[in-house]
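run.pdb (PDB, C-alpha atoms and all ligand atoms) appears below.
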```
ATOM      1  CA  MET E  23      -2.445   4.895 -10.907
ATOM      2  CA  TYR E  24      -3.042   2.983  -7.695
ATOM      3  CA  PHE E  25      -4.891   4.547  -4.785
ATOM      4  CA  ILE E  26      -4.530   2.215  -1.826
ATOM      5  CA  ALA E  27      -6.440   2.945   1.362
ATOM      6  CA  ASN E  28      -4.916   1.657   4.583
ATOM      7  CA  TRP E  29      -7.550   1.913   7.306
ATOM      8  CA  LYS E  30      -5.127   0.621   9.961
ATOM      9  CA  MET E  31      -6.946  -0.328  13.199
ATOM     10  CA  PHE E  32      -9.957   1.880  12.479
ATOM     11  CA  GLY E  33     -13.496   1.107  11.429
ATOM     12  CA  GLY E  34     -16.494  -0.996  12.321
ATOM     13  CA  VAL E  35     -19.366  -2.387  10.287
ATOM     14  CA  ASN E  36     -21.048   1.052  10.169
ATOM     15  CA  SER E  37     -17.953   2.559   8.528
ATOM     16  CA  LEU E  38     -18.865   0.690   5.361
ATOM     17  CA  ASN E  39     -21.746   3.117   4.764
ATOM     18  CA  SER E  40     -19.181   5.820   4.048
ATOM     19  CA  LEU E  41     -18.075   3.845   0.991
ATOM     20  CA  ASP E  42     -21.336   4.628  -0.826
ATOM     21  CA  LYS E  43     -19.854   8.035  -1.661
ATOM     22  CA  VAL E  44     -16.734   6.432  -3.131
ATOM     23  CA  ILE E  45     -18.795   3.970  -5.202
ATOM     24  CA  LYS E  46     -20.972   6.812  -6.524
ATOM     25  CA  PHE E  47     -17.890   8.846  -7.380
ATOM     26  CA  ILE E  48     -16.169   5.998  -9.243
ATOM     27  CA  LYS E  49     -19.279   5.208 -11.277
ATOM     28  CA  SER E  50     -19.295   8.715 -12.711
ATOM     29  CA  PHE E  51     -15.519   9.323 -12.847
ATOM     30  CA  LYS E  52     -14.449   9.705 -16.485
ATOM     31  CA  LYS E  53     -10.889   8.471 -15.835
ATOM     32  CA  LYS E  54     -11.990   5.361 -13.925
ATOM     33  CA  LYS E  55     -10.220   3.060 -16.395
ATOM     34  CA  LEU E  56      -6.904   4.710 -15.468
ATOM     35  CA  ILE E  57      -7.109   3.965 -11.775
ATOM     36  CA  GLN E  58      -7.123   1.003  -9.421
ATOM     37  CA  ILE E  59      -8.497   1.510  -5.933
ATOM     38  CA  ILE E  60      -7.675  -1.009  -3.224
ATOM     39  CA  TYR E  61      -9.133  -0.795   0.276
ATOM     40  CA  CYS E  62      -7.213  -2.474   3.100
ATOM     41  CA  PRO E  63      -9.523  -2.444   6.119
ATOM     42  CA  PRO E  64      -9.044  -4.410   9.345
ATOM     43  CA  ASN E  65      -9.562  -8.137   8.661
ATOM     44  CA  THR E  66     -12.944  -8.013  10.409
ATOM     45  CA  LEU E  67     -14.320  -5.979   7.471
ATOM     46  CA  ILE E  68     -12.738  -7.734   4.483
ATOM     47  CA  ASN E  69     -15.656  -9.986   3.700
ATOM     48  CA  LEU E  70     -18.375  -7.365   4.032
ATOM     49  CA  MET E  71     -16.336  -4.861   2.093
ATOM     50  CA  SER E  72     -15.605  -7.198  -0.791
ATOM     51  CA  ARG E  73     -19.346  -7.921  -1.043
ATOM     52  CA  LYS E  74     -20.014  -4.210  -1.107
ATOM     53  CA  PHE E  75     -17.598  -3.797  -4.032
ATOM     54  CA  ARG E  76     -18.964  -6.819  -5.930
ATOM     55  CA  ASN E  77     -20.200  -4.784  -8.904
ATOM     56  CA  ILE E  78     -17.482  -2.197  -9.058
ATOM     57  CA  ASN E  79     -13.783  -2.266  -9.871
ATOM     58  CA  ILE E  80     -12.487  -1.693  -6.342
ATOM     59  CA  ASN E  81     -10.424  -4.428  -4.713
ATOM     60  CA  VAL E  82      -9.918  -5.342  -1.092
ATOM     61  CA  GLY E  83      -6.714  -6.276   0.712
ATOM     62  CA  SER E  84      -5.461  -7.125   4.162
ATOM     63  CA  GLN E  85      -2.864  -5.198   6.189
ATOM     64  CA  ASN E  86      -0.805  -8.228   7.186
ATOM     65  CA  CYS E  87      -0.753 -12.036   7.068
ATOM     66  CA  HIS E  88       0.783 -15.023   8.807
ATOM     67  CA  GLU E  89       3.808 -16.560   7.094
ATOM     68  CA  GLN E  90       2.409 -20.093   7.063
ATOM     69  CA  LYS E  91       0.407 -21.171   4.041
ATOM     70  CA  ASP E  92      -1.754 -23.793   5.727
ATOM     71  CA  TYR E  93      -4.002 -23.736   8.765
ATOM     72  CA  GLY E  94      -2.226 -24.216  12.077
ATOM     73  CA  PRO E  95      -2.212 -23.676  15.828
ATOM     74  CA  TYR E  96      -1.300 -19.959  15.733
ATOM     75  CA  THR E  97      -3.724 -18.212  18.037
ATOM     76  CA  GLY E  98      -4.736 -14.769  16.854
ATOM     77  CA  SER E  99      -3.237 -15.184  13.365
ATOM     78  CA  VAL E 100      -4.810 -15.160   9.910
ATOM     79  CA  ASN E 101      -3.146 -16.715   6.858
ATOM     80  CA  CYS E 102      -3.393 -15.835   3.168
ATOM     81  CA  ARG E 103      -5.767 -18.696   2.434
ATOM     82  CA  MET E 104      -8.238 -17.284   4.966
ATOM     83  CA  LEU E 105      -7.814 -13.748   3.649
ATOM     84  CA  LYS E 106      -8.451 -14.926   0.091
ATOM     85  CA  ASN E 107     -11.455 -16.881   1.222
ATOM     86  CA  ALA E 108     -12.850 -13.722   2.827
ATOM     87  CA  GLY E 109     -12.468 -11.796  -0.450
ATOM     88  CA  ALA E 110      -8.998 -10.222  -0.266
ATOM     89  CA  LYS E 111      -6.972  -9.948  -3.468
ATOM     90  CA  TYR E 112      -4.043  -8.047  -1.971
ATOM     91  CA  VAL E 113      -2.027  -7.988   1.236
ATOM     92  CA  ILE E 114       0.200  -5.241   2.656
ATOM     93  CA  ILE E 115       3.491  -6.728   3.905
ATOM     94  CA  GLY E 116       6.329  -4.953   5.728
ATOM     95  CA  HIS E 117       4.389  -1.895   6.878
ATOM     96  CA  SER E 118       6.581   0.109   9.265
ATOM     97  CA  GLU E 119       3.958  -0.114  12.010
ATOM     98  CA  VAL E 120       4.311  -3.906  11.841
ATOM     99  CA  ARG E 121       8.109  -3.773  11.464
ATOM    100  CA  GLN E 122       8.209  -1.638  14.627
ATOM    101  CA  SER E 123       6.594  -4.453  16.570
ATOM    102  CA  GLY E 124       9.482  -6.755  15.693
ATOM    103  CA  GLU E 125       8.819  -8.029  12.164
ATOM    104  CA  SER E 126      12.198  -8.821  10.571
ATOM    105  CA  ASN E 127      13.212  -8.738   6.900
ATOM    106  CA  ASP E 128      13.424 -12.526   7.055
ATOM    107  CA  LEU E 129       9.836 -12.844   8.311
ATOM    108  CA  ILE E 130       8.689 -10.346   5.687
ATOM    109  CA  ASN E 131      10.356 -12.511   3.040
ATOM    110  CA  LYS E 132       8.500 -15.609   4.277
ATOM    111  CA  LYS E 133       5.197 -13.710   4.232
ATOM    112  CA  ILE E 134       5.809 -12.452   0.680
ATOM    113  CA  GLN E 135       6.650 -15.978  -0.562
ATOM    114  CA  THR E 136       3.505 -17.362   1.056
ATOM    115  CA  ALA E 137       1.262 -14.571  -0.223
ATOM    116  CA  ILE E 138       2.473 -15.042  -3.813
ATOM    117  CA  LYS E 139       2.079 -18.827  -3.602
ATOM    118  CA  SER E 140      -1.420 -18.347  -2.205
ATOM    119  CA  GLY E 141      -2.420 -16.141  -5.127
ATOM    120  CA  LEU E 142      -2.555 -12.802  -3.316
ATOM    121  CA  LYS E 143      -0.928  -9.705  -4.767
ATOM    122  CA  VAL E 144       1.558  -8.028  -2.434
ATOM    123  CA  ILE E 145       1.934  -4.386  -1.457
ATOM    124  CA  PHE E 146       5.489  -4.464  -0.107
ATOM    125  CA  CYS E 147       6.366  -1.473   2.108
ATOM    126  CA  VAL E 148       9.895  -0.150   2.452
ATOM    127  CA  GLY E 149      11.233   3.027   4.019
ATOM    128  CA  GLU E 150      13.894   4.567   6.209
ATOM    129  CA  THR E 151      13.596   6.056   9.706
ATOM    130  CA  ILE E 152      14.467   9.685  10.433
ATOM    131  CA  GLN E 153      17.768   8.638  12.038
ATOM    132  CA  GLN E 154      18.707   6.644   8.940
ATOM    133  CA  LYS E 155      17.752   9.574   6.709
ATOM    134  CA  ARG E 156      19.892  11.985   8.766
ATOM    135  CA  LYS E 157      22.847   9.624   8.410
ATOM    136  CA  LYS E 158      22.198   9.559   4.620
ATOM    137  CA  LEU E 159      21.502   5.839   4.743
ATOM    138  CA  THR E 160      18.216   5.883   2.778
ATOM    139  CA  LYS E 161      19.491   4.036  -0.311
ATOM    140  CA  LYS E 162      21.385   1.505   1.781
ATOM    141  CA  VAL E 163      18.329   0.788   3.951
ATOM    142  CA  LEU E 164      16.008   0.462   0.961
ATOM    143  CA  SER E 165      18.465  -1.813  -0.865
ATOM    144  CA  LYS E 166      18.702  -4.093   2.171
ATOM    145  CA  GLN E 167      14.942  -4.219   2.734
ATOM    146  CA  ILE E 168      14.401  -5.078  -0.930
ATOM    147  CA  LYS E 169      17.239  -7.611  -1.170
ATOM    148  CA  LEU E 170      16.161  -9.508   1.954
ATOM    149  CA  GLY E 171      12.417  -9.044   1.499
ATOM    150  CA  LEU E 172      12.482 -10.366  -2.067
ATOM    151  CA  ASN E 173      15.161 -13.001  -1.535
ATOM    152  CA  ASN E 174      14.328 -16.091  -3.657
ATOM    153  CA  VAL E 175      11.010 -14.606  -4.781
ATOM    154  CA  LYS E 176      10.933 -15.843  -8.380
ATOM    155  CA  ASN E 177       7.674 -14.335  -9.520
ATOM    156  CA  LYS E 178       7.811 -10.632  -8.773
ATOM    157  CA  LYS E 179       5.126  -9.512 -11.177
ATOM    158  CA  ASN E 180       2.411  -9.412  -8.527
ATOM    159  CA  ILE E 181       4.383  -7.195  -6.183
ATOM    160  CA  ILE E 182       3.738  -3.481  -5.817
ATOM    161  CA  ILE E 183       6.354  -1.493  -3.903
ATOM    162  CA  ALA E 184       5.223   1.241  -1.515
ATOM    163  CA  TYR E 185       8.004   3.634  -0.534
ATOM    164  CA  GLU E 186       6.953   4.919   2.880
ATOM    165  CA  PRO E 187       9.528   6.949   4.784
ATOM    166  CA  VAL E 188       8.805   6.126   8.436
ATOM    167  CA  TRP E 189       9.217   9.795   9.412
ATOM    168  CA  SER E 190       6.437  10.731   7.045
ATOM    169  CA  ILE E 191       3.757   8.293   8.222
ATOM    170  CA  GLY E 192       1.087  10.088  10.208
ATOM    171  CA  THR E 193       3.262  13.184  10.733
ATOM    172  CA  GLY E 194       1.963  15.533   8.039
ATOM    173  CA  ILE E 195       5.519  15.803   6.659
ATOM    174  CA  ILE E 196       6.319  14.673   3.126
ATOM    175  CA  PRO E 197       9.697  14.444   1.373
ATOM    176  CA  LYS E 198      10.950  17.353  -0.721
ATOM    177  CA  PRO E 199       9.941  16.821  -4.383
ATOM    178  CA  LEU E 200      13.481  16.423  -5.729
ATOM    179  CA  GLU E 201      14.417  14.063  -2.905
ATOM    180  CA  LEU E 202      11.334  11.919  -3.569
ATOM    181  CA  LEU E 203      11.919  11.939  -7.313
ATOM    182  CA  LYS E 204      15.468  10.673  -6.793
ATOM    183  CA  THR E 205      14.387   7.937  -4.386
ATOM    184  CA  ILE E 206      11.635   6.742  -6.712
ATOM    185  CA  ASN E 207      14.101   6.733  -9.629
ATOM    186  CA  PHE E 208      16.498   4.692  -7.522
ATOM    187  CA  LEU E 209      13.736   2.156  -6.752
ATOM    188  CA  LYS E 210      12.599   2.084 -10.390
ATOM    189  CA  LYS E 211      16.117   1.202 -11.516
ATOM    190  CA  LYS E 212      16.265  -1.628  -8.990
ATOM    191  CA  LEU E 213      12.820  -2.968  -9.743
ATOM    192  CA  LYS E 214      12.256  -2.244 -13.410
ATOM    193  CA  TYR E 215       8.999  -4.142 -13.755
ATOM    194  CA  ASN E 216       7.248  -3.212 -10.521
ATOM    195  CA  LYS E 217       4.854  -0.383  -9.772
ATOM    196  CA  ILE E 218       6.293   2.038  -7.227
ATOM    197  CA  LEU E 219       3.945   3.996  -4.955
ATOM    198  CA  TYR E 220       4.551   6.671  -2.368
ATOM    199  CA  GLY E 221       2.973   6.601   1.105
ATOM    200  CA  GLY E 222       3.209   8.941   4.076
ATOM    201  CA  SER E 223       0.802  11.756   4.998
ATOM    202  CA  VAL E 224      -0.733  11.981   1.519
ATOM    203  CA  ASN E 225      -3.711  14.340   1.693
ATOM    204  CA  SER E 226      -5.916  16.457  -0.511
ATOM    205  CA  LYS E 227      -3.612  19.464  -0.085
ATOM    206  CA  ASN E 228      -0.167  18.012  -0.690
ATOM    207  CA  ILE E 229      -1.370  15.828  -3.590
ATOM    208  CA  ASN E 230      -0.820  18.830  -5.914
ATOM    209  CA  GLN E 231       2.852  18.726  -5.024
ATOM    210  CA  LEU E 232       3.126  14.930  -5.034
ATOM    211  CA  LYS E 233       1.539  14.510  -8.445
ATOM    212  CA  SER E 234       4.443  16.457  -9.967
ATOM    213  CA  ILE E 235       6.612  13.393  -9.260
ATOM    214  CA  TYR E 236       6.065  12.016 -12.751
ATOM    215  CA  ASN E 237       7.508   8.537 -12.124
ATOM    216  CA  LEU E 238       5.103   7.532  -9.318
ATOM    217  CA  ASP E 239       2.506   4.839  -9.984
ATOM    218  CA  GLY E 240       0.185   5.830  -7.158
ATOM    219  CA  TYR E 241      -0.213   6.353  -3.436
ATOM    220  CA  LEU E 242      -0.706   4.396  -0.234
ATOM    221  CA  ILE E 243      -2.968   6.529   1.916
ATOM    222  CA  GLY E 244      -3.543   6.024   5.627
ATOM    223  CA  GLY E 245      -5.335   8.686   7.681
ATOM    224  CA  ALA E 246      -6.924  10.530   4.742
ATOM    225  CA  SER E 247      -8.404   7.329   3.334
ATOM    226  CA  GLN E 248     -10.800   6.944   6.250
ATOM    227  CA  ASP E 249     -12.740  10.016   5.133
ATOM    228  CA  PRO E 250     -14.401   9.334   1.765
ATOM    229  CA  LYS E 251     -14.453  13.019   0.827
ATOM    230  CA  LYS E 252     -10.719  13.406   1.411
ATOM    231  CA  PHE E 253      -9.978  10.160  -0.432
ATOM    232  CA  ILE E 254     -12.100  11.190  -3.423
ATOM    233  CA  ASP E 255     -10.460  14.627  -3.429
ATOM    234  CA  ILE E 256      -7.016  13.038  -3.643
ATOM    235  CA  ILE E 257      -8.095  11.002  -6.677
ATOM    236  CA  LYS E 258      -9.786  13.965  -8.378
ATOM    237  CA  LYS E 259      -6.865  16.326  -7.824
ATOM    238  CA  THR E 260      -4.396  13.779  -9.208
ATOM    239  CA  TYR E 261      -6.097  14.259 -12.579
ATOM    240  CA  ILE E 262      -6.806  18.022 -12.587
TER     241      ILE E 262
HETATM  242  C1  LIG N 301       0.179   4.307   6.008
HETATM  243  O1  LIG N 301      -0.312   3.882   7.046
HETATM  244  O2  LIG N 301       0.634   3.518   5.174
HETATM  245  C2  LIG N 301       0.222   5.744   5.784
HETATM  246  C3  LIG N 301       0.805   6.180   4.709
HETATM  247  O3  LIG N 301      -0.366   6.535   6.739
HETATM  248  P1  LIG N 301      -0.638   8.108   6.657
HETATM  249  O4  LIG N 301      -1.178   8.420   5.287
HETATM  250  O5  LIG N 301      -1.645   8.365   7.721
HETATM  251  O6  LIG N 301       0.665   8.793   6.890
END
```
Rewritten as structure tokens:
Amino acid sequence: MYFIANWKMFGGVNSLNSLDKVIKFIKSFKKKKLIQIIYCPPNTLINLMSRKFRNININVGSQNCHEQKDYGPYTGSVNCRMLKNAGAKYVIIGHSEVRQSGESNDLINKKIQTAIKSGLKVIFCVGETIQQKRKKLTKKVLSKQIKLGLNNVKNKKNIIIAYEPVWSIGTGIIPKPLELLKTINFLKKKLKYNKILYGGSVNSKNINQLKSIYNLDGYLIGGASQDPKKFIDIIKKTYI
């Protein structure tokens, strides 16, 4: 199971101290071989964080990347080569908070191609808005995001899919179990060889409900991942 922490635009150098609790927990966790934790902090913390996790099986990723592989005159941007150099092994691409600021499926596709070529593993986010859900367009939207996002991507083995309904992110609302089960099954049929995660308001209370979705390969966790106790609780409860 994957437990991916998305810190969004939160955290400074002092926030890294909170990870001591997570490291201590993992060292003593009997099921540690069954899980993969990936922290995606703001880029400013990638290097320090990857040093912190040097002796433990926790990986670090970025929350976005530039679509160009090489260095270039793109003020304010960071490419995969730089992220890798800082210690990232993964990159989140297509997060709805980035899509909302104008990122198109075509740009997402370019970023995925570049990330794979650069040797980063991709956490590719897909999900429908509340309006699309109400119009029963979920499958259509997901199919389009996947078709365009993965267009001409030959090597898909290093791509993890995160199904994140936009209406669930940061709202405290999660999909009904049967609805989620059906959507994950739909994605599994489309992408037979990829891990499929769920993301959107995962917390230490609703994890008991979410873990009943037997076909999930893990979770992408935003808000709750910033508190080590809550993050550890989610992992523990997944296995109780
Ligand atoms: C996310 O940012 O990917 C996310 C799932 O956020 P939250 O858990 O806060 O809803």
Practice item. Check every protein, DNA and RNA residue against ligand LIG 301 (chain N), keep those with an atom at most 6 Å away (counting all atoms listed in the file), and present them as a list in words. Key: Asn28, Ile191, Gly192, Gly221, Gly222, Ser223, Val224, Leu242, Ile243, Gly244 and Gly245 of chain E
**Study point:** Residue among E:Ser165, E:Asn216, E:Thr66, E:Ser190 lying closest to Asn177 in chain E, counting only C-alpha atoms
**Key:**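 Closest residue, counting only C-alpha atoms: E:Asn216.
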Exercise for review: Work out how far apart CA of Lys55 in chain E and CA of Met23 in chain E are and give it in Å to one decimal.
Suggested key: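 Pair CA of Lys55 in chain E / CA of Met23 in chain E returns 9.7 Å.
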I'd like to see the residues matched by the PyMOL selection byres (((chain E and resi 102) around 12) and not hetatm) on this file, and ideally I'd get them as an mmCIF file with C-alpha atoms, in the frame of the given file.
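The result, written out as out.cif:
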```cif
data_model
loop_
_atom_site.group_PDB
_atom_site.id
_atom_site.type_symbol
_atom_site.label_atom_id
_atom_site.label_comp_id
_atom_site.auth_asym_id
_atom_site.auth_seq_id
_atom_site.Cartn_x
_atom_site.Cartn_y
_atom_site.Cartn_z
ATOM 1 C CA ASN E 65 -9.562 -8.137 8.661
ATOM 2 C CA GLY E 83 -6.714 -6.276 0.712
ATOM 3 C CA SER E 84 -5.461 -7.125 4.162
ATOM 4 C CA GLN E 85 -2.864 -5.198 6.189
ATOM 5 C CA ASN E 86 -0.805 -8.228 7.186
ATOM 6 C CA CYS E 87 -0.753 -12.036 7.068
ATOM 7 C CA HIS E 88 0.783 -15.023 8.807
ATOM 8 C CA GLU E 89 3.808 -16.560 7.094
ATOM 9 C CA GLN E 90 2.409 -20.093 7.063
ATOM 10 C CA LYS E 91 0.407 -21.171 4.041
ATOM 11 C CA ASP E 92 -1.754 -23.793 5.727
ATOM 12 C CA TYR E 93 -4.002 -23.736 8.765
ATOM 13 C CA SER E 99 -3.237 -15.184 13.365
ATOM 14 C CA VAL E 100 -4.810 -15.160 9.910
ATOM 15 C CA ASN E 101 -3.146 -16.715 6.858
ATOM 16 C CA ARG E 103 -5.767 -18.696 2.434
ATOM 17 C CA MET E 104 -8.238 -17.284 4.966
ATOM 18 C CA LEU E 105 -7.814 -13.748 3.649
ATOM 19 C CA LYS E 106 -8.451 -14.926 0.091
ATOM 20 C CA ASN E 107 -11.455 -16.881 1.222
ATOM 21 C CA ALA E 108 -12.850 -13.722 2.827
ATOM 22 C CA GLY E 109 -12.468 -11.796 -0.450
ATOM 23 C CA ALA E 110 -8.998 -10.222 -0.266
ATOM 24 C CA LYS E 111 -6.972 -9.948 -3.468
ATOM 25 C CA TYR E 112 -4.043 -8.047 -1.971
ATOM 26 C CA VAL E 113 -2.027 -7.988 1.236
ATOM 27 C CA ILE E 114 0.200 -5.241 2.656
ATOM 28 C CA ILE E 115 3.491 -6.728 3.905
ATOM 29 C CA LYS E 132 8.500 -15.609 4.277
ATOM 30 C CA LYS E 133 5.197 -13.710 4.232
ATOM 31 C CA ILE E 134 5.809 -12.452 0.680
ATOM 32 C CA GLN E 135 6.650 -15.978 -0.562
ATOM 33 C CA THR E 136 3.505 -17.362 1.056
ATOM 34 C CA ALA E 137 1.262 -14.571 -0.223
ATOM 35 C CA ILE E 138 2.473 -15.042 -3.813
ATOM 36 C CA LYS E 139 2.079 -18.827 -3.602
ATOM 37 C CA SER E 140 -1.420 -18.347 -2.205
ATOM 38 C CA GLY E 141 -2.420 -16.141 -5.127
ATOM 39 C CA LEU E 142 -2.555 -12.802 -3.316
ATOM 40 C CA LYS E 143 -0.928 -9.705 -4.767
ATOM 41 C CA VAL E 144 1.558 -8.028 -2.434
#
```
**Study point:** Best match for closeness to Asn131 in chain E among E:Ser118, E:Thr193, E:Thr160, E:Asn174, counting all atoms listed in the file
**Key:** E:Asn174
Point to revise | Shortest interatomic distance to Phe25 in chain E - which of E:Tyr215, E:Lys155, E:Ile145, E:Pro64, counting only C-alpha atoms | key: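 Among the listed residues, E:Ile145 lies closest to Phe25 in chain E.
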Exercise for review: Mind checking which residues fall within 9 Å of range 42-44 of chain E, counting all atoms listed in the file, ignoring those fewer than 3 positions away in the same chain, and posting them as a ChimeraX atom specification?
Suggested key: /E:38-39,47-49,74,250-251,253-254
Practice item. Run the PyMOL selection byres (((chain E and resi 226-240) around 10) and not hetatm) against the file shown and list the residues it catches, as a PyMOL selection string. Key: chain E and resi 23-26+57-59+182-184+194-200+202-204+206-207+210+216-221+223-225+241-243+246+251-262
Next, dump the selected residues to file, keeping only C-alpha atoms, as a CSV table (one decimal), keeping the file's coordinate frame.
```csv
chain,number,residue,atom,x,y,z
E,23,MET,CA,-2.4,4.9,-10.9
E,24,TYR,CA,-3.0,3.0,-7.7
E,25,PHE,CA,-4.9,4.5,-4.8
E,26,ILE,CA,-4.5,2.2,-1.8
E,57,ILE,CA,-7.1,4.0,-11.8
E,58,GLN,CA,-7.1,1.0,-9.4
E,59,ILE,CA,-8.5,1.5,-5.9
E,182,ILE,CA,3.7,-3.5,-5.8
E,183,ILE,CA,6.4,-1.5,-3.9
E,184,ALA,CA,5.2,1.2,-1.5
E,194,GLY,CA,2.0,15.5,8.0
E,195,ILE,CA,5.5,15.8,6.7
E,196,ILE,CA,6.3,14.7,3.1
E,197,PRO,CA,9.7,14.4,1.4
E,198,LYS,CA,11.0,17.4,-0.7
E,199,PRO,CA,9.9,16.8,-4.4
E,200,LEU,CA,13.5,16.4,-5.7
E,202,LEU,CA,11.3,11.9,-3.6
E,203,LEU,CA,11.9,11.9,-7.3
E,204,LYS,CA,15.5,10.7,-6.8
E,206,ILE,CA,11.6,6.7,-6.7
E,207,ASN,CA,14.1,6.7,-9.6
E,210,LYS,CA,12.6,2.1,-10.4
E,216,ASN,CA,7.2,-3.2,-10.5
E,217,LYS,CA,4.9,-0.4,-9.8
E,218,ILE,CA,6.3,2.0,-7.2
E,219,LEU,CA,3.9,4.0,-5.0
E,220,TYR,CA,4.6,6.7,-2.4
E,221,GLY,CA,3.0,6.6,1.1
E,223,SER,CA,0.8,11.8,5.0
E,224,VAL,CA,-0.7,12.0,1.5
E,225,ASN,CA,-3.7,14.3,1.7
E,241,TYR,CA,-0.2,6.4,-3.4
E,242,LEU,CA,-0.7,4.4,-0.2
E,243,ILE,CA,-3.0,6.5,1.9
E,246,ALA,CA,-6.9,10.5,4.7
E,251,LYS,CA,-14.5,13.0,0.8
E,252,LYS,CA,-10.7,13.4,1.4
E,253,PHE,CA,-10.0,10.2,-0.4
E,254,ILE,CA,-12.1,11.2,-3.4
E,255,ASP,CA,-10.5,14.6,-3.4
E,256,ILE,CA,-7.0,13.0,-3.6
E,257,ILE,CA,-8.1,11.0,-6.7
E,258,LYS,CA,-9.8,14.0,-8.4
E,259,LYS,CA,-6.9,16.3,-7.8
E,260,THR,CA,-4.4,13.8,-9.2
E,261,TYR,CA,-6.1,14.3,-12.6
E,262,ILE,CA,-6.8,18.0,-12.6
```
Practice item. Could you tell me how far CA of Phe32 in chain E lies from CA of Cys62 in chain E, in Å and to one decimal? Key: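 CA of Cys62 in chain E lies at a distance of 10.7 Å from CA of Phe32 in chain E.
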Exercise for review: Tell me which of E:Asn180, E:Pro187, E:Gly116, E:Lys214 sits closest to Gln167 in chain E, counting all atoms listed in the file.
Suggested key: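 So, comparing all the options, the nearest one is E:Gly116.
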Exercise for review: Using only C-alpha atoms, find the one residue out of E:Ser37, E:Ser123, E:Glu150, E:Val188 that sits nearest to Lys166 in chain E.
Suggested key: E:Glu150
Check your understanding: Just how far from CA of Trp189 in chain E is CA of Val82 in chain E, in Å to one decimal?
Key -> 26.6 Å
**Study point:** Of the listed residues E:Val120, E:Val148, E:Val163, E:Ile78, that which approaches Lys46 in chain E most closely, counting only C-alpha atoms
**Key:**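 Of E:Val120, E:Val148, E:Val163, E:Ile78, the one nearest Lys46 in chain E is E:Ile78, counting only C-alpha atoms.
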Taking all atoms of range 110-127 of chain E that the file lists, what box with edges along x, y and z, padded by 5 Å per side, do you get, with centre and edge lengths in Å to one decimal, as lines of an AutoDock Vina configuration file?
```
center_x = 2.1
center_y = -5.1
center_z = 6.6
size_x = 32.2
size_y = 20.3
size_z = 30.0
```
